[in-house]
file target37.cif (mmCIF, C-alpha atoms and all ligand atoms)
data_model
loop_
_atom_site.label_atom_id
_atom_site.label_comp_id
_atom_site.auth_asym_id
_atom_site.auth_seq_id
_atom_site.Cartn_x
_atom_site.Cartn_y
_atom_site.Cartn_z
CA MET A 221 5.66 20.32 36.50
CA SER A 222 4.48 16.78 37.02
CA VAL A 223 2.48 14.90 34.40
CA ARG A 224 -1.23 14.54 35.20
CA LYS A 225 -2.71 13.70 31.81
CA ALA A 226 -2.30 10.90 29.30
CA VAL A 227 -3.48 11.08 25.70
CA ILE A 228 -4.50 7.73 24.21
CA PRO A 229 -4.91 7.92 20.43
CA ALA A 230 -7.45 5.30 19.37
CA ALA A 231 -9.04 6.77 16.24
CA GLY A 232 -7.21 4.74 13.59
CA LEU A 233 -9.04 2.50 11.11
CA GLY A 234 -7.27 -0.71 12.13
CA THR A 235 -6.97 -1.97 8.56
CA ARG A 236 -4.45 -4.64 9.51
CA PHE A 237 -7.13 -6.37 11.53
CA LEU A 238 -10.02 -6.37 9.05
CA PRO A 239 -12.68 -7.72 8.93
CA ALA A 240 -12.80 -7.77 12.77
CA THR A 241 -12.33 -4.00 12.87
CA LYS A 242 -15.01 -3.11 10.33
CA ALA A 243 -17.55 -2.42 13.09
CA ILE A 244 -15.52 -2.98 16.28
CA PRO A 245 -12.68 -0.68 17.36
CA LYS A 246 -9.34 -2.49 17.21
CA GLU A 247 -8.65 -1.18 20.71
CA MET A 248 -11.69 -3.14 22.01
CA LEU A 249 -10.23 -6.49 20.86
CA PRO A 250 -9.92 -8.48 24.09
CA ILE A 251 -6.94 -10.34 25.42
CA VAL A 252 -9.05 -13.23 26.76
CA ASP A 253 -11.75 -11.01 28.34
CA VAL A 254 -10.07 -7.67 28.94
CA PRO A 255 -10.21 -5.13 26.10
CA THR A 256 -6.84 -3.84 24.90
CA ILE A 257 -7.81 -0.25 25.77
CA GLN A 258 -8.39 -1.25 29.39
CA TYR A 259 -4.81 -2.50 29.69
CA VAL A 260 -3.60 0.83 28.34
CA VAL A 261 -5.79 2.93 30.65
CA ASP A 262 -4.84 0.76 33.67
CA GLU A 263 -1.16 1.26 32.87
CA ALA A 264 -1.64 5.04 32.80
CA ILE A 265 -3.53 5.05 36.12
CA ALA A 266 -0.99 2.77 37.81
CA SER A 267 1.75 5.21 36.84
CA GLY A 268 -0.03 8.05 38.68
CA ILE A 269 -1.86 9.68 35.75
CA GLU A 270 -5.12 11.36 36.85
CA HIS A 271 -6.86 12.21 33.57
CA VAL A 272 -7.09 10.16 30.40
CA VAL A 273 -7.81 11.90 27.10
CA LEU A 274 -9.16 9.30 24.72
CA VAL A 275 -8.94 10.30 21.05
CA THR A 276 -11.61 8.39 19.13
CA GLY A 277 -13.28 8.55 15.74
CA ARG A 278 -16.52 7.61 14.03
CA GLY A 279 -17.74 4.12 14.89
CA LYS A 280 -15.53 3.97 17.97
CA ASP A 281 -18.02 5.03 20.66
CA ALA A 282 -17.69 1.62 22.32
CA LEU A 283 -14.33 2.81 23.64
CA VAL A 284 -15.95 5.65 25.56
CA ASP A 285 -18.93 3.49 26.63
CA HIS A 286 -16.51 0.98 28.14
CA PHE A 287 -15.42 3.59 30.71
CA ASP A 288 -18.97 4.83 31.42
CA ARG A 289 -21.48 3.52 33.98
CA ALA A 290 -23.81 0.76 32.70
CA PRO A 291 -26.98 1.09 34.86
CA GLU A 292 -29.00 -1.76 33.30
CA LEU A 293 -26.14 -4.21 33.47
CA GLU A 294 -25.30 -3.11 37.02
CA GLN A 295 -28.92 -3.54 38.13
CA PHE A 296 -29.06 -7.00 36.55
CA LEU A 297 -25.84 -8.09 38.27
CA ALA A 298 -27.04 -6.65 41.60
CA GLU A 299 -30.37 -8.53 41.36
CA LYS A 300 -28.58 -11.79 40.58
CA GLY A 301 -26.21 -11.28 43.50
CA LYS A 302 -23.17 -11.29 41.21
CA ASP A 303 -21.28 -8.91 43.44
CA ASP A 304 -17.79 -9.56 42.07
CA LEU A 305 -18.84 -8.80 38.52
CA LEU A 306 -20.80 -5.76 39.69
CA ALA A 307 -17.77 -4.39 41.52
CA MET A 308 -15.57 -5.01 38.48
CA VAL A 309 -17.96 -3.26 36.09
CA ARG A 310 -18.35 -0.25 38.40
CA ASP A 311 -14.63 0.00 39.04
CA ILE A 312 -13.89 0.40 35.32
CA ALA A 313 -16.15 3.45 35.20
CA GLU A 314 -14.95 4.99 38.44
CA LYS A 315 -11.22 4.54 38.51
CA CYS A 316 -10.37 7.57 36.43
CA GLU A 317 -11.66 10.60 34.61
CA VAL A 318 -11.89 9.92 30.88
CA ILE A 319 -12.19 12.88 28.51
CA ALA A 320 -13.24 11.91 24.98
CA ILE A 321 -12.14 13.88 21.92
CA ARG A 322 -13.07 13.17 18.31
CA GLN A 323 -10.40 13.12 15.63
CA LYS A 324 -12.68 14.03 12.76
CA GLU A 325 -10.60 12.24 10.12
CA PRO A 326 -7.90 9.62 10.72
CA ARG A 327 -5.06 11.77 9.38
CA GLY A 328 -2.28 10.12 11.33
CA LEU A 329 -0.92 9.76 14.83
CA GLY A 330 0.44 13.33 14.91
CA HIS A 331 -2.99 14.64 13.93
CA ALA A 332 -4.62 12.52 16.68
CA VAL A 333 -2.27 13.92 19.35
CA LEU A 334 -2.89 17.47 18.11
CA ALA A 335 -6.65 16.88 18.42
CA ALA A 336 -6.11 16.41 22.17
CA ARG A 337 -4.58 19.88 22.61
CA PRO A 338 -7.75 21.58 23.98
CA ALA A 339 -8.00 18.91 26.69
CA VAL A 340 -4.30 18.95 27.59
CA GLY A 341 -3.57 22.68 27.53
CA ASP A 342 -0.15 24.07 28.36
CA GLU A 343 1.27 21.26 30.44
CA PRO A 344 3.43 18.18 29.93
CA PHE A 345 1.57 14.98 29.11
CA ALA A 346 2.07 11.32 28.29
CA VAL A 347 0.99 9.55 25.09
CA LEU A 348 0.17 5.82 25.14
CA LEU A 349 -0.86 4.21 21.86
CA GLY A 350 -4.26 2.61 22.24
CA ASP A 351 -3.25 -0.61 20.51
CA ASP A 352 0.07 -1.18 22.28
CA ILE A 353 0.01 -2.95 25.61
CA MET A 354 2.84 -3.10 28.11
CA VAL A 355 2.83 -5.93 30.62
CA ASP A 356 5.36 -4.52 33.08
CA ASP A 357 3.40 -3.10 36.04
CA SER A 358 3.84 0.38 34.47
CA ARG A 359 7.61 0.22 35.02
CA LEU A 360 8.51 1.76 31.65
CA LEU A 361 5.99 4.60 31.88
CA ARG A 362 6.96 5.36 35.49
CA SER A 363 10.65 5.49 34.55
CA MET A 364 9.85 7.81 31.66
CA LEU A 365 7.82 10.09 33.96
CA ASP A 366 10.71 10.12 36.48
CA CYS A 367 13.09 11.08 33.70
CA HIS A 368 10.79 13.93 32.68
CA GLU A 369 10.63 15.11 36.33
CA ARG A 370 14.43 15.13 36.50
CA TYR A 371 15.22 16.86 33.22
CA GLY A 372 11.97 18.67 32.33
CA ARG A 373 12.20 17.42 28.75
CA SER A 374 10.39 15.02 26.41
CA VAL A 375 11.10 11.29 26.64
CA VAL A 376 10.37 8.67 23.97
CA ALA A 377 10.37 4.89 24.57
CA VAL A 378 12.91 3.03 22.44
CA LEU A 379 13.33 -0.71 21.93
CA GLU A 380 16.34 -2.56 20.57
CA VAL A 381 15.15 -4.58 17.57
CA ALA A 382 16.97 -6.99 15.27
CA ARG A 383 19.07 -5.05 12.73
CA ASN A 384 17.02 -6.43 9.87
CA ASP A 385 13.73 -5.32 11.46
CA ILE A 386 14.68 -1.66 11.86
CA LYS A 387 13.32 -1.00 8.35
CA ASN A 388 9.81 -1.33 9.83
CA TYR A 389 10.28 1.37 12.47
CA TRP A 390 11.27 4.95 13.09
CA CYS A 391 14.88 4.73 14.25
CA VAL A 392 16.84 7.05 16.55
CA SER A 393 20.41 8.23 16.33
CA PRO A 394 21.42 8.01 20.02
CA GLU A 395 24.06 9.55 22.25
CA ALA A 396 24.64 7.43 25.36
CA MET A 397 23.86 9.17 28.68
CA GLU A 398 23.19 6.74 31.50
CA GLU A 399 21.82 3.25 31.88
CA ASN A 400 18.66 2.94 29.73
CA LEU A 401 18.82 6.61 28.77
CA VAL A 402 20.05 8.18 25.53
CA ARG A 403 19.91 11.67 24.16
CA ILE A 404 18.29 11.58 20.71
CA ARG A 405 20.27 13.33 17.99
CA SER A 406 17.82 12.64 15.16
CA ILE A 407 15.02 10.34 14.07
CA VAL A 408 15.10 8.50 10.74
CA GLU A 409 12.04 7.01 9.06
CA LYS A 410 12.21 3.26 8.39
CA PRO A 411 15.88 3.13 7.34
CA LYS A 412 17.50 0.28 5.43
CA PRO A 413 19.44 -1.86 7.94
CA GLU A 414 22.75 -0.81 6.35
CA ASP A 415 21.89 2.91 6.67
CA ALA A 416 20.33 2.78 10.15
CA PRO A 417 22.13 4.91 12.78
CA SER A 418 21.24 2.30 15.45
CA ASN A 419 18.86 -0.56 16.06
CA LEU A 420 16.77 1.47 18.53
CA ALA A 421 13.16 1.77 17.36
CA VAL A 422 10.62 4.34 18.58
CA ILE A 423 7.79 2.52 20.38
CA GLY A 424 4.30 3.67 21.51
CA ARG A 425 5.01 5.44 24.81
CA TYR A 426 5.99 9.12 25.04
CA VAL A 427 6.14 11.95 27.57
CA PHE A 428 6.03 15.37 25.94
CA THR A 429 6.59 18.96 26.89
CA PRO A 430 3.66 21.10 25.64
CA GLU A 431 5.91 22.54 22.90
CA ILE A 432 5.21 19.36 20.89
CA PHE A 433 1.84 20.92 20.00
CA ASP A 434 3.54 23.89 18.28
CA ALA A 435 5.72 21.43 16.38
CA LEU A 436 2.63 19.40 15.37
CA ASP A 437 1.03 22.64 14.16
CA ARG A 438 3.99 23.35 11.91
CA ILE A 439 4.58 19.99 10.23
CA THR A 440 3.12 19.04 6.87
CA PRO A 441 1.74 15.60 5.92
CA GLY A 442 4.51 13.03 5.52
CA ALA A 443 4.49 9.32 4.73
CA GLY A 444 1.02 8.15 3.56
CA GLY A 445 -0.35 11.72 3.59
CA GLU A 446 -0.55 11.55 7.39
CA LEU A 447 0.70 13.97 10.05
CA GLN A 448 3.54 11.99 11.59
CA LEU A 449 4.25 12.36 15.29
CA THR A 450 7.89 11.56 14.62
CA ASP A 451 8.18 14.54 12.21
CA ALA A 452 7.03 16.77 15.08
CA ILE A 453 9.60 15.16 17.40
CA SER A 454 12.29 15.90 14.80
CA LEU A 455 11.18 19.55 14.79
CA LEU A 456 11.12 19.66 18.59
CA LEU A 457 14.71 18.37 18.59
CA GLN A 458 15.81 21.63 16.97
CA THR A 459 14.92 23.59 20.11
CA GLN A 460 14.77 21.09 22.99
CA THR A 461 16.59 17.97 24.11
CA VAL A 462 14.55 14.80 23.67
CA PHE A 463 15.54 11.63 25.50
CA GLY A 464 15.09 8.00 24.55
CA TYR A 465 14.32 5.56 27.36
CA SER A 466 15.10 1.98 26.44
CA PHE A 467 13.28 -1.09 27.68
CA GLU A 468 13.42 -4.76 26.79
CA THR A 469 10.27 -6.74 27.40
CA GLY A 470 6.54 -6.64 27.98
CA ARG A 471 5.33 -4.93 24.83
CA TYR A 472 2.66 -6.31 22.50
CA ASP A 473 1.48 -4.43 19.40
CA ILE A 474 -2.11 -5.65 19.36
CA GLY A 475 -2.66 -4.16 15.88
CA LYS A 476 -0.33 -6.89 14.60
CA LYS A 477 -1.90 -10.36 14.40
CA ILE A 478 1.13 -12.26 15.63
CA ASP A 479 1.51 -10.00 18.68
CA PHE A 480 -2.21 -10.33 19.41
CA LEU A 481 -1.77 -14.11 19.45
CA ARG A 482 1.38 -13.91 21.59
CA ALA A 483 -0.34 -11.66 24.12
CA THR A 484 -3.40 -13.90 24.26
CA VAL A 485 -1.37 -17.05 24.89
CA GLU A 486 1.13 -15.54 27.34
CA LEU A 487 -1.42 -13.62 29.40
CA ALA A 488 -3.83 -16.57 29.47
CA LEU A 489 -1.01 -18.74 30.85
CA ASP A 490 -0.52 -16.22 33.69
CA ARG A 491 -4.19 -16.21 34.71
CA PRO A 492 -4.95 -17.99 38.00
CA ASP A 493 -8.42 -18.99 36.71
CA LEU A 494 -7.21 -20.41 33.36
CA GLY A 495 -3.46 -20.92 33.45
CA ASP A 496 -3.27 -24.58 34.53
CA GLU A 497 -5.98 -25.83 32.19
CA PHE A 498 -4.60 -23.82 29.28
CA LYS A 499 -1.07 -25.05 29.93
CA ALA A 500 -2.28 -28.67 29.82
CA PHE A 501 -4.08 -27.92 26.56
CA LEU A 502 -0.94 -26.36 25.02
CA ALA A 503 1.23 -29.29 26.12
CA ASP A 504 -1.21 -31.69 24.48
CA LEU A 505 -1.38 -29.55 21.35
CA VAL A 506 2.41 -29.52 21.01
CA GLN A 507 2.35 -33.34 21.05
CA ARG A 508 -0.61 -33.75 18.69
CA ARG A 509 0.64 -31.25 16.11
CA LYS A 510 4.26 -32.34 16.56
CA ILE A 511 5.23 -28.68 17.13
CA VAL A 512 8.72 -29.51 18.43
P1 LIG B 1 -1.68 2.47 13.95
O1 LIG B 1 -1.05 2.96 12.73
O2 LIG B 1 -1.19 1.21 14.57
O3 LIG B 1 -3.26 2.31 13.79
O4 LIG B 1 -1.70 3.64 15.02
P2 LIG B 1 -4.20 2.19 12.53
O5 LIG B 1 -3.97 3.28 11.57
O6 LIG B 1 -5.57 2.07 13.11
O7 LIG B 1 -3.74 0.77 12.01
P3 LIG B 1 -3.71 0.03 10.60
O8 LIG B 1 -2.31 0.21 10.12
O9 LIG B 1 -4.76 0.65 9.70
O10 LIG B 1 -4.02 -1.39 10.95
C1 LIG B 1 -1.35 3.49 16.39
C2 LIG B 1 -2.45 4.08 17.28
O11 LIG B 1 -2.77 5.40 16.86
C3 LIG B 1 -4.15 5.53 16.61
C4 LIG B 1 -4.66 4.11 16.33
O12 LIG B 1 -6.03 3.99 16.70
C5 LIG B 1 -3.75 3.25 17.18
O13 LIG B 1 -4.27 3.05 18.49
N1 LIG B 1 -4.38 6.44 15.45
C6 LIG B 1 -3.78 6.20 14.26
C7 LIG B 1 -5.23 7.52 15.61
O14 LIG B 1 -5.77 7.75 16.71
N2 LIG B 1 -5.48 8.33 14.54
C8 LIG B 1 -4.91 8.12 13.32
O15 LIG B 1 -5.18 8.91 12.38
C9 LIG B 1 -4.04 7.01 13.17
#

call {"tool": "encode", "arguments": {"input": "target37.cif", "output": "structure tokens", "more": "lines below"}}
Ligand code: UTP
result
Amino acid sequence: MSVRKAVIPAAGLGTRFLPATKAIPKEMLPIVDVPTIQYVVDEAIASGIEHVVLVTGRGKDALVDHFDRAPELEQFLAEKGKDDLLAMVRDIAEKCEVIAIRQKEPRGLGHAVLAARPAVGDEPFAVLLGDDIMVDDSRLLRSMLDCHERYGRSVVAVLEVARNDIKNYWCVSPEAMEENLVRIRSIVEKPKPEDAPSNLAVIGRYVFTPEIFDALDRITPGAGGELQLTDAISLLLQTQTVFGYSFETGRYDIGKKIDFLRATVELALDRPDLGDEFKAFLADLVQRRKIV
């Protein structure tokens, strides 16, 4: 069965980005002028996904409003003859069907995915973390969806990280299959570099068979008292093969300040309306601050 729905968990408290995230959802932080969540939704749509299930929480209604019509703003833009902006604003609301679900308490990523069960039902689905952007023309997600089509099993994105960094991630024990594809034997939580079974880290894109929901139902709170998605994947591994699809570039974890800065600078440089001016500014800055 092909994948029609994507769940985007965006109900976390964003504590790493306080005070900005006290009243504004982390997933609304813009990269120049495009909110992070819009990158994530655009990636899902470009991969062929038809329905987006947005998991939000208290104080995060702006995420849902962003994908709604905005009649007053649209009327204002129409009256001023700002047709390009009007088309852009309307397009955001019309390009896909967004279903909003409330995670009543932020009890972890696994809990957020489980909250989406009534909207997903008994079919395979993708999960895209709402604070992780991929600048790759949806190549990774499309490859993961193809892999699911071929094997009918769950697929998790994995990224090779420096050995010393693996302690910050969930790490997979892999069995090589084909280029970019491994069969996952087990998942280990934030291992010490010397104990890690590999340097492949689990990263925020997944395609799941619906059986992940039963696994999420059965797990108990793990690290930090939260329901961990990776614990459910470990349980799923007992009855179904789970694949790891590796990729190399294009990922920014916007919840991390340094990645937010990297994304802002790199994507601004690529913009036709800003790139040249910004490049000149950066070149001058490098000189003035003696950066190299
Ligand atoms: P993170 O762990 O990066 O988000 O979760 P967080 O908890 O908001 O961040 P910090 O550590 O406090 O800064 C990855 C994604 O999962 C969502 C988040 O909104 C984020 O998009 N999430 C996390 C939920 O939807 N619910 C949760 O209970 C936790």

call {"tool": "atom_distance", "arguments": {"input": "target37.cif", "atom1": "CA of Leu283 in chain A", "atom2": "CA of Leu361 in chain A"}}
result
22.0 Å

call {"tool": "closest_residue", "arguments": {"input": "target37.cif", "among": "A:Val275, A:Tyr371, A:Lys410, A:Gly301", "to": "Lys387 in chain A", "atoms": "all atoms listed in the file"}}
result
A:Lys410

call {"tool": "axis_aligned_box", "arguments": {"input": "target37.cif", "around": "ligand LIG 1 (chain B)", "padding_each_side": "3 Å", "output": "lines of an AutoDock Vina configuration file"}}
result
center_x = -3.5
center_y = 3.8
center_z = 14.1
size_x = 11.0
size_y = 16.3
size_z = 14.8

call {"tool": "residues_around", "arguments": {"input": "target37.cif", "residues": "range 396-400 of chain A", "least_positions_apart": "6", "cutoff": "8 Å", "atoms": "all atoms listed in the file", "output": "PDB file with C-alpha atoms, keeping the file's coordinate frame"}}
result
ATOM      1  CA  TYR A 465      14.320   5.560  27.360  1.00  0.00           C
ATOM      2  CA  SER A 466      15.100   1.980  26.440  1.00  0.00           C
ATOM      3  CA  PHE A 467      13.280  -1.090  27.680  1.00  0.00           C
TER       4      PHE A 467
END

call {"tool": "atom_distance", "arguments": {"input": "target37.cif", "atom1": "CA of Arg373 in chain A", "atom2": "CA of Pro344 in chain A"}}
result
8.9 Å

call {"tool": "residues_near_ligand", "arguments": {"input": "target37.cif", "ligand": "ligand LIG 1 (chain B)", "cutoff": "7 Å", "atoms": "all atoms listed in the file", "output": "list in words"}}
result
Pro229, Ala230, Ala231, Gly232, Leu233, Gly234, Thr235, Arg236, Phe237, Glu247, Val275, Thr276, Gln323, Glu325, Pro326, Arg327, Gly328, Leu329, His331, Ala332, Leu349, Gly350, Asp351 and Gly475 of chain A

call {"tool": "atom_distance", "arguments": {"input": "target37.cif", "atom1": "CA of Leu481 in chain A", "atom2": "CA of Ile386 in chain A"}}
result
22.0 Å
